[in-house]
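Just below is one structure, and these are the notes that go with it.
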Amino acid sequence: MNRLLLLAALLLSLGGCATHNTVSDGEDSRLMLKGHDPVSYFTLNAPAPGNPAIKADHEGVTYRFANEENRALFVKSPDKYKPQYNAFCANGMVYAIPLGGNHDTYKIIDGRLFMFGGAGSKRYFEMDQERNVKLSDNYWKTEAQGSIPRIQSWKRLIFKVPHYKTNRELAAEWEARQGKK
């Protein structure tokens, strides 16, 4: 009975978990991209720190911008600039696992901003980029979008997708492709 109560309390506490990969900074409790300007990825080909005084809210989260021009571009077309999968790692989404993405590990593919948890995740995603975009888009739309990320992650870490690969398996595949093994 105590375990059941503990599980119920845990699930209730997770109910308020964010559906976006955000951080808290000052007045911004749900800040995207650790405060970096989403437009800068496209205009500068690099993440630029946003100014806390220049910001906009979209889908319940806050974005900061390096300048008013970038803010205006975002407000006019937020879907063009916002990160895919609410800034969760695109390689994790290949397996329906919404885990953190970093603001400084990214790639623009067909005009869309994809975030990655690190250089390895990006490398593994790029091994079969076209397939991985399709898988990620599908799992985002059919499972992860709107879910509680922690619960979705636990679900898919326990009940893995058929094509699941461990980091060790992905690293071995990448090394083989590089001729290192």
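Following the order of the structure tokens, first chain is A, next is B, and so on, with residues numbered from 1 inside each chain and ligands from 1 in the order they appear.
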Which residues of stretch 29-92 of chain A come within 9 Å of stretch 137-156 of chain A, and for each one, what is the closest pair of atoms and their distance in Å to one decimal, counting only C-alpha atoms, sorted by chain and residue number, as a Markdown table?
```
| residue | atom | partner | partner_atom | distance |
| --- | --- | --- | --- | --- |
| A:Gln84 | CA | A:Asp137 | CA | 8.8 |
| A:Tyr85 | CA | A:Trp140 | CA | 6.5 |
| A:Asn86 | CA | A:Gln145 | CA | 8.5 |
```
Please produce a file of those selected residues containing N, CA and C atoms, as a PDB file, in the first residue's frame.
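Okay, this is what ended up in selection_34.pdb:
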```pdb
ATOM      1  N   GLN A  84      13.000  22.178 -33.112  1.00  0.00           N
ATOM      2  CA  GLN A  84      12.155  21.000 -33.264  1.00  0.00           C
ATOM      3  C   GLN A  84      12.067  20.248 -31.942  1.00  0.00           C
ATOM      4  N   TYR A  85      10.988  19.540 -31.749  1.00  0.00           N
ATOM      5  CA  TYR A  85      10.760  18.688 -30.586  1.00  0.00           C
ATOM      6  C   TYR A  85      10.925  19.456 -29.269  1.00  0.00           C
ATOM      7  N   ASN A  86      10.549  20.735 -29.297  1.00  0.00           N
ATOM      8  CA  ASN A  86      10.610  21.608 -28.117  1.00  0.00           C
ATOM      9  C   ASN A  86      11.995  21.630 -27.491  1.00  0.00           C
TER      10      ASN A  86
END
```
Proximity of stretch 6-116 of chain A to stretch 124-136 of chain A: per-residue shortest pair, 10 Å limit, only C-alpha atoms, as a Markdown table:
```
| residue | atom | partner | partner_atom | distance |
| --- | --- | --- | --- | --- |
| A:Gln84 | CA | A:Ser136 | CA | 9.6 |
| A:Tyr85 | CA | A:Ser136 | CA | 8.4 |
| A:Cys89 | CA | A:Ser136 | CA | 9.7 |
| A:Ala90 | CA | A:Ser136 | CA | 6.6 |
| A:Asn91 | CA | A:Phe125 | CA | 5.4 |
| A:Gly92 | CA | A:Ser136 | CA | 8.1 |
| A:Met93 | CA | A:Ser136 | CA | 4.8 |
| A:Val94 | CA | A:Ser136 | CA | 4.4 |
| A:Tyr95 | CA | A:Ser136 | CA | 7.4 |
| A:Ala96 | CA | A:Ser136 | CA | 7.1 |
| A:Ile97 | CA | A:Ser136 | CA | 9.5 |
| A:Lys107 | CA | A:Glu126 | CA | 9.6 |
| A:Ile109 | CA | A:Val133 | CA | 9.0 |
| A:Phe114 | CA | A:Val133 | CA | 9.5 |
| A:Phe116 | CA | A:Phe125 | CA | 8.9 |
```
Convert the current residue selection to file output with N, CA and C atoms, as a compact mmCIF listing (two decimals), in the first residue's frame.
```txt
# COMPACT_ATOMS: atom_id res chain seq x y z
N GLN A 84 13.00 22.18 -33.11
CA GLN A 84 12.16 21.00 -33.26
C GLN A 84 12.07 20.25 -31.94
N TYR A 85 10.99 19.54 -31.75
CA TYR A 85 10.76 18.69 -30.59
C TYR A 85 10.92 19.46 -29.27
N CYS A 89 16.58 16.55 -27.47
CA CYS A 89 17.57 15.97 -28.37
C CYS A 89 16.90 15.22 -29.51
N ALA A 90 17.25 15.59 -30.74
CA ALA A 90 16.66 14.94 -31.91
C ALA A 90 17.06 13.47 -31.99
N ASN A 91 18.27 13.14 -31.56
CA ASN A 91 18.66 11.73 -31.60
C ASN A 91 17.90 10.92 -30.56
N GLY A 92 17.59 11.49 -29.42
CA GLY A 92 16.74 10.80 -28.45
C GLY A 92 15.35 10.56 -29.00
N MET A 93 14.86 11.51 -29.79
CA MET A 93 13.51 11.39 -30.35
C MET A 93 13.43 10.26 -31.38
N VAL A 94 14.58 9.85 -31.96
CA VAL A 94 14.60 8.70 -32.86
C VAL A 94 14.05 7.47 -32.13
N TYR A 95 14.21 7.46 -30.80
CA TYR A 95 13.77 6.34 -29.97
C TYR A 95 12.57 6.72 -29.09
N ALA A 96 11.92 7.85 -29.40
CA ALA A 96 10.76 8.35 -28.65
C ALA A 96 11.11 8.72 -27.23
N ILE A 97 12.36 9.17 -27.01
CA ILE A 97 12.84 9.53 -25.68
C ILE A 97 13.16 11.01 -25.66
N LYS A 107 21.85 21.48 -35.49
CA LYS A 107 22.02 21.43 -36.94
C LYS A 107 20.72 21.93 -37.56
N ILE A 109 18.41 21.53 -40.63
CA ILE A 109 18.12 20.57 -41.70
C ILE A 109 16.84 21.02 -42.39
N PHE A 114 17.37 21.66 -35.25
CA PHE A 114 17.41 20.45 -34.44
C PHE A 114 18.49 20.59 -33.37
N PHE A 116 20.74 18.79 -30.12
CA PHE A 116 21.30 17.49 -29.74
C PHE A 116 21.87 17.56 -28.33
```
request  = as a ChimeraX atom specification, please: all residues of stretch 72-178 of chain A that backbone DSSP puts in alpha helix (DSSP H).
outcome  = /A:72-76,78-81,90-93,119-126,129-139,149-158,167-177
request  = Find, counting only C-alpha atoms, the residue in A:Gly101, A:Pro52, A:Gly117, A:Pro162 that gets nearest to A:Phe88.
outcome  =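 Ranked by minimum distance to A:Phe88, first place goes to A:Gly101.
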request  = Please run DSSP on the backbone and report, as an MDAnalysis selection string, all residues within chain A that come out as strand (DSSP E).
outcome  = chainID A and resid 22:25 28:32 36:37 48:49 51:58 61:65 102:109 112:116
Taking only C-alpha atoms into account, produce a table as a Markdown table in which each residue of stretch 66-93 of chain A with an atom at most 6 Å from an atom of stretch 33-39 of chain A appears once, together with its shortest atom pair and the distance in Å to one decimal, ordered by chain and rising number.
```
| residue | atom | partner | partner_atom | distance |
| --- | --- | --- | --- | --- |
| A:Ala66 | CA | A:Asp37 | CA | 6.0 |
| A:Asn70 | CA | A:Val39 | CA | 5.8 |
| A:Tyr81 | CA | A:Val39 | CA | 5.8 |
```
How would the residues just chosen look if you wrote them out with C-alpha atoms as a compact mmCIF listing (two decimals), in the first residue's frame?
```txt
# COMPACT_ATOMS: atom_id res chain seq x y z
CA ALA A 66 20.10 39.41 -29.23
CA ASN A 70 15.53 39.06 -34.35
CA TYR A 81 12.74 29.57 -35.81
```
key: Atomic distance atom CA of A:Ser121 - atom CA of A:Arg177, expressed in Å with one decimal   = 15.4 Å
ask   = Of the candidates A:Ala87, A:Leu73, A:Leu113, A:Leu31, which shows the shortest atom-to-atom distance to A:Asn45, using only C-alpha atoms?
value =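 Closest to A:Asn45 of all the choices is A:Leu113.
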ask   = Which one of A:Leu99, A:Leu157, A:Ile108, A:Met32 sits closest to A:Pro49 if you count only C-alpha atoms?
value =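 Once distances to A:Pro49 are computed over only C-alpha atoms, the minimum belongs to A:Met32.
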message = Which residue is closest to A:Ala119? Choose from A:Glu169, A:Glu175, A:Asp104, A:Asp79 and count only C-alpha atoms.
response = A:Asp104
query = So how many Å separate atom CA of A:Gly50 and atom CA of A:Arg64, to one decimal?
reply = 4.6 Å
query = Between atom CA of A:Asn51 and atom CA of A:Gly111, what is the distance, to one decimal in Å?
reply =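 Computing it gives 24.2 Å between the two atoms.
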